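Source file: run36.txt (compact mmCIF, C-alpha atoms)
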# COMPACT_ATOMS: atom_id res chain seq x y z
CA MET N 1 -9.13 9.30 -19.55
CA SER N 2 -7.43 12.64 -20.01
CA ASP N 3 -3.88 11.52 -19.33
CA PRO N 4 -1.54 13.61 -21.48
CA HIS N 5 0.59 10.68 -22.58
CA TRP N 6 -1.57 7.56 -22.63
CA GLU N 7 -5.03 6.98 -24.08
CA ILE N 8 -7.10 3.90 -23.38
CA VAL N 9 -7.79 1.54 -26.26
CA ALA N 10 -11.41 0.72 -25.48
CA SER N 11 -11.47 -2.41 -27.61
CA GLY N 12 -8.52 -3.77 -25.61
CA ALA N 13 -10.32 -4.17 -22.29
CA ARG N 14 -10.84 -7.77 -21.25
CA LEU N 15 -12.46 -8.98 -18.04
CA ILE N 16 -10.29 -11.78 -16.70
CA THR N 17 -12.25 -12.73 -13.60
CA GLU N 18 -14.67 -11.25 -11.11
CA ASN N 19 -15.85 -12.14 -7.64
CA TRP N 20 -17.55 -10.49 -4.67
CA LEU N 21 -14.40 -8.47 -3.93
CA PHE N 22 -12.91 -7.31 -7.20
CA ARG N 23 -12.96 -7.38 -10.99
CA LEU N 24 -9.65 -8.10 -12.68
CA TRP N 25 -9.14 -6.57 -16.11
CA SER N 26 -6.46 -6.39 -18.68
CA ARG N 27 -6.54 -2.97 -20.26
CA VAL N 28 -4.68 -1.61 -23.24
CA TYR N 29 -3.29 1.91 -23.26
CA ARG N 30 -1.64 3.55 -26.24
CA SER N 31 1.26 5.91 -25.80
CA ARG N 32 0.60 9.24 -27.50
CA ARG N 33 4.36 9.62 -27.86
CA SER N 34 5.37 6.33 -29.39
CA GLY N 35 2.00 5.15 -30.70
CA ARG N 36 2.71 1.79 -29.13
CA ASP N 37 0.15 -0.20 -27.16
CA HIS N 38 0.87 -1.65 -23.77
CA THR N 39 -1.30 -4.05 -21.76
CA TYR N 40 -1.78 -3.46 -18.04
CA TYR N 41 -3.54 -5.46 -15.34
CA VAL N 42 -6.05 -3.52 -13.31
CA ALA N 43 -8.06 -4.82 -10.34
CA GLU N 44 -11.20 -2.86 -9.56
CA LEU N 45 -11.20 -3.10 -5.79
CA PRO N 46 -13.33 -1.13 -3.29
CA ASP N 47 -11.81 1.80 -1.43
CA CYS N 48 -10.86 1.28 2.19
CA VAL N 49 -10.62 3.30 5.37
CA HIS N 50 -8.22 3.15 8.32
CA VAL N 51 -9.35 4.37 11.73
CA ILE N 52 -6.88 5.85 14.19
CA ALA N 53 -8.97 5.70 17.36
CA LEU N 54 -7.45 7.19 20.50
CA THR N 55 -8.75 6.91 24.06
CA PRO N 56 -9.03 10.10 26.14
CA GLU N 57 -6.03 12.00 27.49
CA PRO N 58 -3.92 11.64 29.52
CA ASP N 59 -3.97 7.87 29.08
CA ARG N 60 -4.27 8.12 25.29
CA ARG N 61 -4.11 4.65 23.86
CA ILE N 62 -4.64 3.57 20.29
CA VAL N 63 -7.22 0.89 19.52
CA LEU N 64 -5.67 -1.87 17.40
CA VAL N 65 -6.98 -5.13 16.00
CA ARG N 66 -5.07 -8.31 15.33
CA GLN N 67 -6.38 -10.54 12.59
CA PHE N 68 -5.37 -13.18 10.08
CA ARG N 69 -4.35 -12.00 6.62
CA ALA N 70 -4.41 -14.59 3.88
CA ALA N 71 -1.66 -13.32 1.58
CA SER N 72 0.90 -13.04 4.38
CA ALA N 73 -0.64 -16.15 6.00
CA GLU N 74 -0.10 -14.65 9.41
CA GLN N 75 -1.71 -12.48 12.07
CA SER N 76 -1.43 -8.78 11.37
CA LEU N 77 -1.62 -5.97 13.92
CA GLU N 78 -3.57 -3.14 12.31
CA VAL N 79 -5.83 -0.24 12.96
CA PRO N 80 -9.56 -0.99 12.63
CA GLY N 81 -11.07 -0.32 9.26
CA GLY N 82 -12.41 -1.96 6.19
CA LEU N 83 -14.02 -1.50 2.85
CA VAL N 84 -16.01 1.56 1.90
CA ASP N 85 -19.36 0.72 0.33
CA PRO N 86 -19.98 2.22 -3.12
CA GLY N 87 -21.02 5.83 -2.71
CA GLU N 88 -20.36 5.75 1.01
CA ASP N 89 -18.39 8.51 2.72
CA PRO N 90 -15.04 7.11 3.94
CA ALA N 91 -15.47 8.84 7.31
CA ALA N 92 -18.88 7.28 7.81
CA ALA N 93 -17.51 3.90 6.80
CA GLY N 94 -14.67 4.30 9.29
CA VAL N 95 -16.99 5.15 12.17
CA ARG N 96 -19.12 2.13 11.27
CA GLU N 97 -16.16 -0.23 11.01
CA LEU N 98 -14.68 1.02 14.29
CA LEU N 99 -17.92 0.31 16.11
CA GLU N 100 -18.49 -3.08 14.45
CA GLU N 101 -14.96 -4.35 14.92
CA THR N 102 -14.20 -2.96 18.37
CA GLY N 103 -17.33 -1.49 19.98
CA TYR N 104 -15.55 1.87 20.23
CA ALA N 105 -16.88 5.29 19.26
CA GLY N 106 -15.66 8.82 19.93
CA ASP N 107 -15.51 12.36 18.64
CA PRO N 108 -16.47 13.24 15.07
CA PRO N 109 -13.66 12.01 12.81
CA VAL N 110 -10.87 14.14 11.46
CA VAL N 111 -10.23 13.06 7.87
CA LEU N 112 -6.65 12.74 6.60
CA PRO N 113 -5.71 12.86 2.89
CA THR N 114 -6.74 10.09 0.50
CA TYR N 115 -4.14 8.12 -1.46
CA TRP N 116 -4.17 5.45 -4.14
CA CYS N 117 -3.43 2.07 -2.47
CA ASN N 118 -1.35 0.99 -5.46
CA PRO N 119 -2.20 2.96 -8.60
CA SER N 120 -0.35 0.64 -10.94
CA LEU N 121 -2.60 -2.33 -10.14
CA LEU N 122 -5.54 -1.44 -7.87
CA THR N 123 -8.27 1.16 -8.37
CA ALA N 124 -8.76 1.37 -4.60
CA LYS N 125 -8.04 4.44 -2.53
CA VAL N 126 -7.30 4.53 1.17
CA THR N 127 -8.35 7.26 3.58
CA ALA N 128 -7.37 7.47 7.23
CA ILE N 129 -9.57 9.09 9.85
CA VAL N 130 -8.74 10.05 13.42
CA VAL N 131 -11.32 9.49 16.18
CA ALA N 132 -10.35 11.14 19.46
CA ASN N 133 -11.85 10.42 22.87
CA ALA N 134 -12.74 6.91 21.78
CA LYS N 135 -14.56 4.82 24.38
CA ARG N 136 -16.02 1.37 24.31
CA ILE N 137 -19.76 1.75 24.08
CA SER N 138 -20.90 -1.68 22.94
CA ASP N 139 -19.78 -5.20 22.21
CA PRO N 140 -17.98 -5.73 18.91
CA GLN N 141 -20.12 -7.11 16.08
CA PRO N 142 -17.57 -8.51 13.65
CA ASP N 143 -18.56 -10.25 10.44
CA SER N 144 -18.97 -13.99 10.80
CA THR N 145 -15.65 -14.59 9.05
CA GLU N 146 -13.73 -11.99 11.08
CA GLU N 147 -11.84 -13.24 14.11
CA LEU N 148 -10.41 -10.14 15.67
CA GLU N 149 -8.46 -9.57 18.83
CA ILE N 150 -8.59 -6.04 20.15
CA GLU N 151 -5.41 -4.59 21.61
CA LEU N 152 -4.80 -1.20 23.16
CA ALA N 153 -1.32 0.28 23.05
CA PRO N 154 0.07 3.61 24.25
CA ALA N 155 -0.12 6.06 21.36
CA SER N 156 3.44 7.07 22.19
CA GLU N 157 4.61 3.61 21.16
CA ILE N 158 3.35 3.86 17.58
CA PRO N 159 6.66 5.03 16.07
CA ALA N 160 8.47 2.10 17.67
CA MET N 161 5.77 -0.36 16.55
CA VAL N 162 6.13 0.85 12.95
CA ARG N 163 9.89 0.93 13.04
CA SER N 164 10.24 -2.55 14.53
CA GLY N 165 7.82 -4.10 12.08
CA LYS N 166 5.40 -5.05 14.86
CA ILE N 167 3.02 -3.23 12.57
CA SER N 168 3.97 -4.80 9.25
CA HIS N 169 1.17 -3.66 6.89
CA ALA N 170 2.63 -0.89 4.74
CA LEU N 171 -0.67 0.93 4.22
CA VAL N 172 -1.46 0.86 7.94
CA ALA N 173 2.06 2.03 8.75
CA GLY N 174 1.62 4.81 6.20
CA SER N 175 -1.67 5.93 7.73
CA LEU N 176 -0.10 6.01 11.19
CA LEU N 177 2.99 7.89 10.02
CA SER N 178 0.77 10.31 8.15
CA TRP N 179 -1.20 11.00 11.32
CA LEU N 180 2.00 11.44 13.35
CA ALA N 181 3.44 13.84 10.78
CA PHE N 182 0.27 15.91 10.72
CA GLU N 183 0.01 15.95 14.48
CA ALA N 184 3.63 17.11 14.75
CA THR N 185 3.14 20.00 12.34
CA GLY N 186 -0.39 20.97 13.35
CA MET C 1 1.54 -22.12 7.71
CA SER C 2 1.93 -21.89 11.45
CA ASP C 3 -0.73 -19.32 12.12
CA PRO C 4 -2.27 -20.01 15.54
CA HIS C 5 -5.85 -19.55 14.39
CA TRP C 6 -6.05 -20.48 10.72
CA GLU C 7 -4.74 -23.48 8.84
CA ILE C 8 -4.63 -23.76 5.10
CA VAL C 9 -6.86 -26.32 3.41
CA ALA C 10 -4.45 -27.54 0.76
CA SER C 11 -7.15 -29.06 -1.40
CA GLY C 12 -8.91 -25.70 -1.51
CA ALA C 13 -6.26 -23.86 -3.51
CA ARG C 14 -7.32 -22.93 -7.01
CA LEU C 15 -5.28 -21.01 -9.55
CA ILE C 16 -7.62 -18.48 -11.14
CA THR C 17 -5.27 -16.85 -13.60
CA GLU C 18 -1.60 -16.19 -14.14
CA ASN C 19 0.45 -13.84 -16.26
CA TRP C 20 3.96 -12.39 -16.41
CA LEU C 21 3.29 -10.26 -13.34
CA PHE C 22 1.27 -12.32 -10.86
CA ARG C 23 -0.60 -15.52 -10.11
CA LEU C 24 -4.08 -15.08 -8.67
CA TRP C 25 -5.31 -17.84 -6.35
CA SER C 26 -8.31 -18.57 -4.28
CA ARG C 27 -7.18 -20.22 -1.09
CA VAL C 28 -9.21 -21.84 1.65
CA TYR C 29 -8.26 -21.42 5.29
CA ARG C 30 -9.98 -23.19 8.17
CA SER C 31 -10.46 -21.47 11.48
CA ARG C 32 -9.04 -23.54 14.33
CA ARG C 33 -11.59 -21.84 16.59
CA SER C 34 -14.80 -22.29 14.69
CA GLY C 35 -13.79 -25.09 12.34
CA ARG C 36 -15.30 -23.11 9.50
CA ASP C 37 -13.66 -22.66 6.12
CA HIS C 38 -13.24 -19.32 4.48
CA THR C 39 -12.09 -18.57 0.95
CA TYR C 40 -9.61 -15.77 0.35
CA TYR C 41 -8.16 -14.27 -2.81
CA VAL C 42 -4.38 -14.09 -2.89
CA ALA C 43 -2.25 -12.57 -5.66
CA GLU C 44 1.34 -13.78 -5.75
CA LEU C 45 3.07 -10.59 -6.81
CA PRO C 46 6.83 -9.83 -6.79
CA ASP C 47 8.29 -7.72 -4.01
CA CYS C 48 9.17 -4.14 -4.79
CA VAL C 49 11.66 -1.52 -3.73
CA HIS C 50 11.42 2.25 -3.35
CA VAL C 51 14.53 4.40 -3.65
CA ILE C 52 14.87 7.66 -1.76
CA ALA C 53 17.79 9.20 -3.64
CA LEU C 54 19.12 12.51 -2.36
CA THR C 55 21.61 14.82 -4.07
CA PRO C 56 24.56 16.14 -2.01
CA GLU C 57 24.21 18.72 0.75
CA PRO C 58 23.59 21.59 1.01
CA ASP C 59 21.36 21.52 -2.06
CA ARG C 60 19.82 18.19 -1.12
CA ARG C 61 17.13 17.37 -3.61
CA ILE C 62 15.15 14.17 -3.95
CA VAL C 63 15.07 12.39 -7.30
CA LEU C 64 11.48 11.69 -8.34
CA VAL C 65 9.92 10.10 -11.41
CA ARG C 66 6.57 10.86 -12.97
CA GLN C 67 4.91 8.05 -14.87
CA PHE C 68 1.55 6.74 -16.00
CA ARG C 69 -0.22 4.28 -13.71
CA ALA C 70 -2.95 2.19 -15.28
CA ALA C 71 -5.26 1.63 -12.31
CA SER C 72 -5.47 5.32 -11.46
CA ALA C 73 -5.29 6.13 -15.20
CA GLU C 74 -3.16 9.16 -14.47
CA GLN C 75 0.41 10.31 -14.07
CA SER C 76 1.87 9.55 -10.66
CA LEU C 77 4.78 11.33 -8.98
CA GLU C 78 6.83 8.68 -7.21
CA VAL C 79 10.28 7.75 -6.05
CA PRO C 80 12.24 5.53 -8.44
CA GLY C 81 11.95 1.82 -7.86
CA GLY C 82 10.45 -1.32 -9.20
CA LEU C 83 10.14 -5.04 -8.86
CA VAL C 84 12.69 -7.18 -7.05
CA ASP C 85 13.73 -10.22 -9.06
CA PRO C 86 13.25 -13.60 -7.33
CA GLY C 87 16.11 -14.12 -4.91
CA GLU C 88 17.47 -10.63 -5.51
CA ASP C 89 18.46 -8.40 -2.61
CA PRO C 90 16.04 -5.45 -2.39
CA ALA C 91 18.92 -3.01 -1.92
CA ALA C 92 20.66 -4.29 -5.05
CA ALA C 93 17.40 -4.08 -6.96
CA GLY C 94 16.92 -0.51 -5.78
CA VAL C 95 20.38 0.58 -6.87
CA ARG C 96 19.76 -1.05 -10.26
CA GLU C 97 16.34 0.54 -10.71
CA LEU C 98 17.64 3.96 -9.68
CA LEU C 99 20.37 3.81 -12.30
CA GLU C 100 18.10 2.42 -15.03
CA GLU C 101 15.25 4.83 -14.46
CA THR C 102 17.17 8.01 -13.70
CA GLY C 103 20.91 7.54 -14.41
CA TYR C 104 21.64 8.40 -10.78
CA ALA C 105 23.91 6.56 -8.33
CA GLY C 106 25.30 7.47 -4.93
CA ASP C 107 26.46 6.15 -1.58
CA PRO C 108 25.82 2.57 -0.51
CA PRO C 109 22.12 2.28 0.36
CA VAL C 110 20.69 2.47 3.85
CA VAL C 111 17.90 -0.09 4.07
CA LEU C 112 14.66 0.80 5.87
CA PRO C 113 12.25 -1.81 7.28
CA THR C 114 10.27 -4.12 5.01
CA TYR C 115 6.46 -4.19 5.09
CA TRP C 116 3.70 -6.18 3.45
CA CYS C 117 2.22 -4.11 0.61
CA ASN C 118 -1.27 -5.40 1.42
CA PRO C 119 -1.18 -8.67 3.38
CA SER C 120 -4.86 -9.42 2.86
CA LEU C 121 -4.53 -9.70 -0.91
CA LEU C 122 -0.91 -9.44 -2.14
CA THR C 123 2.09 -11.56 -1.20
CA ALA C 124 4.42 -8.70 -2.14
CA LYS C 125 6.59 -6.85 0.33
CA VAL C 126 7.98 -3.35 -0.08
CA THR C 127 11.37 -2.15 1.12
CA ALA C 128 12.63 1.41 0.95
CA ILE C 129 16.29 2.28 0.62
CA VAL C 130 18.02 5.64 1.01
CA VAL C 131 20.83 6.61 -1.36
CA ALA C 132 22.69 9.73 -0.25
CA ASN C 133 25.03 11.86 -2.38
CA ALA C 134 23.21 10.77 -5.50
CA LYS C 135 24.61 12.16 -8.75
CA ARG C 136 23.70 11.61 -12.36
CA ILE C 137 26.37 9.36 -13.82
CA SER C 138 24.72 8.11 -17.02
CA ASP C 139 21.71 8.42 -19.23
CA PRO C 140 18.54 6.67 -18.03
CA GLN C 141 17.88 3.27 -19.59
CA PRO C 142 14.17 2.73 -18.95
CA ASP C 143 12.31 -0.33 -20.17
CA SER C 144 10.78 0.09 -23.60
CA THR C 145 7.32 0.47 -22.06
CA GLU C 146 8.41 2.95 -19.40
CA GLU C 147 7.95 6.62 -20.19
CA LEU C 148 9.41 8.43 -17.24
CA GLU C 149 9.94 12.08 -16.52
CA ILE C 150 12.60 12.79 -13.93
CA GLU C 151 11.93 15.60 -11.49
CA LEU C 152 14.11 16.92 -8.70
CA ALA C 153 12.47 18.59 -5.70
CA PRO C 154 13.93 20.04 -2.50
CA ALA C 155 13.94 17.29 0.13
CA SER C 156 12.47 19.82 2.54
CA GLU C 157 9.29 19.89 0.47
CA ILE C 158 8.51 16.19 0.87
CA PRO C 159 6.14 16.59 3.84
CA ALA C 160 4.11 19.18 1.91
CA MET C 161 4.07 17.00 -1.22
CA VAL C 162 2.70 14.08 0.78
CA ARG C 163 0.21 16.18 2.69
CA SER C 164 -1.15 17.92 -0.39
CA GLY C 165 -1.54 14.71 -2.32
CA LYS C 166 0.96 15.82 -4.96
CA ILE C 167 2.43 12.45 -4.09
CA SER C 168 -0.70 10.32 -4.17
CA HIS C 169 0.64 6.74 -4.05
CA ALA C 170 0.07 5.47 -0.52
CA LEU C 171 3.04 3.09 -0.51
CA VAL C 172 5.39 5.79 -1.81
CA ALA C 173 4.02 8.26 0.73
CA GLY C 174 4.55 5.63 3.43
CA SER C 175 8.16 5.05 2.38
CA LEU C 176 8.85 8.78 2.42
CA LEU C 177 7.17 9.29 5.80
CA SER C 178 9.07 6.32 7.16
CA TRP C 179 12.35 7.85 6.03
CA LEU C 180 11.42 11.24 7.52
CA ALA C 181 10.46 9.64 10.84
CA PHE C 182 13.71 7.71 11.00
CA GLU C 183 15.76 10.73 10.05
CA ALA C 184 14.07 12.79 12.74
CA THR C 185 14.77 10.24 15.46
CA GLY C 186 18.20 9.11 14.26
Once more with this new file: its structure as structure tokens, please.
Amino acid sequence: MSDPHWEIVASGARLITENWLFRLWSRVYRSRRSGRDHTYYVAELPDCVHVIALTPEPDRRIVLVRQFRAASAEQSLEVPGGLVDPGEDPAAAGVRELLEETGYAGDPPVVLPTYWCNPSLLTAKVTAIVVANAKRISDPQPDSTEELEIELAPASEIPAMVRSGKISHALVAGSLLSWLAFEATG
Amino acid sequence: MSDPHWEIVASGARLITENWLFRLWSRVYRSRRSGRDHTYYVAELPDCVHVIALTPEPDRRIVLVRQFRAASAEQSLEVPGGLVDPGEDPAAAGVRELLEETGYAGDPPVVLPTYWCNPSLLTAKVTAIVVANAKRISDPQPDSTEELEIELAPASEIPAMVRSGKISHALVAGSLLSWLAFEATG
């Protein structure tokens, strides 16, 4: 912890709960300026990857998945993706998740920048990858608890889908906008 | 809960922990297709707002804040913003947070679309607002635990700041990219 302003108070860490997905901590940091302690909640959550998979030109469609999300309690239209295993390369995880969830595979992935999902609360990072020339090569093999519907949409419609809220997951929207911005500027 | 595929099992809800910031639940949903139950973790977290505040033309700079984030354990360069109080309008919350954190105020806000922060885990939504002609009208009044540094940057540098990871918070990057996309297309 080399932050210039806050140092962790090791004795202040308390594990609140843990499960297969995350460990929730309260952690105490001390301000080097004021000397005061402040308690923060931190969830240790695995990193995740988003896959922007595009079918060959000139048709170029994006492969999307629709699935139930428990916190919104509704179906969510998203790009394929999922959790990165500990030590796993995000690009490899993305290729794996794309194939499992949709049966699609394509060119070697182009890796976009990595961001903190929510650095105030979650330790997870999100990386987006772009897979061009994606084609369906097998049947999907989703997890037993995953009920996914695969949808293809013209890549040209992505800005409208983000703007209208048809895609309503902020991190997915961010990954798509990031890809569009990079594609526009080369 | 009118999801077409999953219905909540009311008896399956269990409050794991609660604090001033969030309530963490495990919730059970039953698939209408398979009849199987699945347990999800859901954190009831307040909505938040991001404020894209821009100083007058032709100088047009964006008002940014740098602050410590506990989960990343590092300083994070972000737009001003914060939590929306229950029942509060996100735009009103944004104007309030902008003034408190930076002392800036400007034109009536333009409200961008609202997204789920992370609909698999968090009930929170994020809304971005744009405040043009922002000027410093008072001293900042941050919370006692907030130690913020205010930084102004040319608005034209935002794409490079997102791309380089200088802005490393995915939701903030998404809000900025969303604003840029909307500004480009009118």
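The list of residues with at least one atom within 7 Å of N:Ala71, based on all atoms listed in the file and without residues fewer than 2 positions apart in the same chain, reads Arg69 and Ala73 of chain N; Val42, Pro119, Ser120, Leu121, Leu122 and Thr123 of chain C.
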Test item: which residues lie within 12 Å of (27.0, 3.5, -1.1) counting all atoms listed in the file, as a PyMOL selection string: chain C and resi 53+91-92+94-95+105-111+129-135
Generate the output file for the selected residues, C-alpha atoms, as a PDB file, in the coordinates of the input.
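Wrote again.pdb, looks like this:
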ATOM      1  CA  ALA C  53      17.790   9.200  -3.640  1.00  0.00           C
ATOM      2  CA  ALA C  91      18.920  -3.010  -1.920  1.00  0.00           C
ATOM      3  CA  ALA C  92      20.660  -4.290  -5.050  1.00  0.00           C
ATOM      4  CA  GLY C  94      16.920  -0.510  -5.780  1.00  0.00           C
ATOM      5  CA  VAL C  95      20.380   0.580  -6.870  1.00  0.00           C
ATOM      6  CA  ALA C 105      23.910   6.560  -8.330  1.00  0.00           C
ATOM      7  CA  GLY C 106      25.300   7.470  -4.930  1.00  0.00           C
ATOM      8  CA  ASP C 107      26.460   6.150  -1.580  1.00  0.00           C
ATOM      9  CA  PRO C 108      25.820   2.570  -0.510  1.00  0.00           C
ATOM     10  CA  PRO C 109      22.120   2.280   0.360  1.00  0.00           C
ATOM     11  CA  VAL C 110      20.690   2.470   3.850  1.00  0.00           C
ATOM     12  CA  VAL C 111      17.900  -0.090   4.070  1.00  0.00           C
ATOM     13  CA  ILE C 129      16.290   2.280   0.620  1.00  0.00           C
ATOM     14  CA  VAL C 130      18.020   5.640   1.010  1.00  0.00           C
ATOM     15  CA  VAL C 131      20.830   6.610  -1.360  1.00  0.00           C
ATOM     16  CA  ALA C 132      22.690   9.730  -0.250  1.00  0.00           C
ATOM     17  CA  ASN C 133      25.030  11.860  -2.380  1.00  0.00           C
ATOM     18  CA  ALA C 134      23.210  10.770  -5.500  1.00  0.00           C
ATOM     19  CA  LYS C 135      24.610  12.160  -8.750  1.00  0.00           C
TER      20      LYS C 135
END
Coordinates-based distance that separates atom CA of C:Ile62 from atom CA of C:Ser76 (Å, one decimal): 15.6 Å
Point (-1.8, -1.0, -27.9), cut-off 9 Å, counting only C-alpha atoms, residues as an MDAnalysis selection string: chainID N and resid 8:9 12 28:31 35:39
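The neighbours of N:Glu183 here are the residues that come within 12 Å of it, using all atoms listed in the file and leaving out any residue fewer than 4 positions away in the same chain; they are Val110, Leu112, Val130, Leu176, Leu177, Ser178 and Trp179 of chain N; Arg163 of chain C.
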Kindly save the residues from that selection, with C-alpha atoms included, as a PDB file, in the coordinates of the input.
ATOM      1  CA  VAL N 110     -10.870  14.140  11.460  1.00  0.00           C
ATOM      2  CA  LEU N 112      -6.650  12.740   6.600  1.00  0.00           C
ATOM      3  CA  VAL N 130      -8.740  10.050  13.420  1.00  0.00           C
ATOM      4  CA  LEU N 176      -0.100   6.010  11.190  1.00  0.00           C
ATOM      5  CA  LEU N 177       2.990   7.890  10.020  1.00  0.00           C
ATOM      6  CA  SER N 178       0.770  10.310   8.150  1.00  0.00           C
ATOM      7  CA  TRP N 179      -1.200  11.000  11.320  1.00  0.00           C
TER       8      TRP N 179
ATOM      9  CA  ARG C 163       0.210  16.180   2.690  1.00  0.00           C
TER      10      ARG C 163
END
Option closest in space to chain C, from N:His169, N:His50, N:Arg66, N:Arg23 [counting all atoms listed in the file]: N:His169
Option closest in space to N:Glu157, from N:Leu180, N:Thr185, N:Ser144, N:Glu88 [counting all atoms listed in the file]: N:Leu180
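Atom to atom, atom CA of C:Ala160 and atom CA of C:Tyr104 stand 24.2 Å apart.
The interatomic distance for the pair atom CA of N:Pro90 and atom CA of N:Tyr40 works out to 27.8 Å.
Each of N:Arg33, N:Val63, N:Ala43, N:Tyr115 was compared to C:Ile167 using only C-alpha atoms, and N:Tyr115 turns out to be the nearest.
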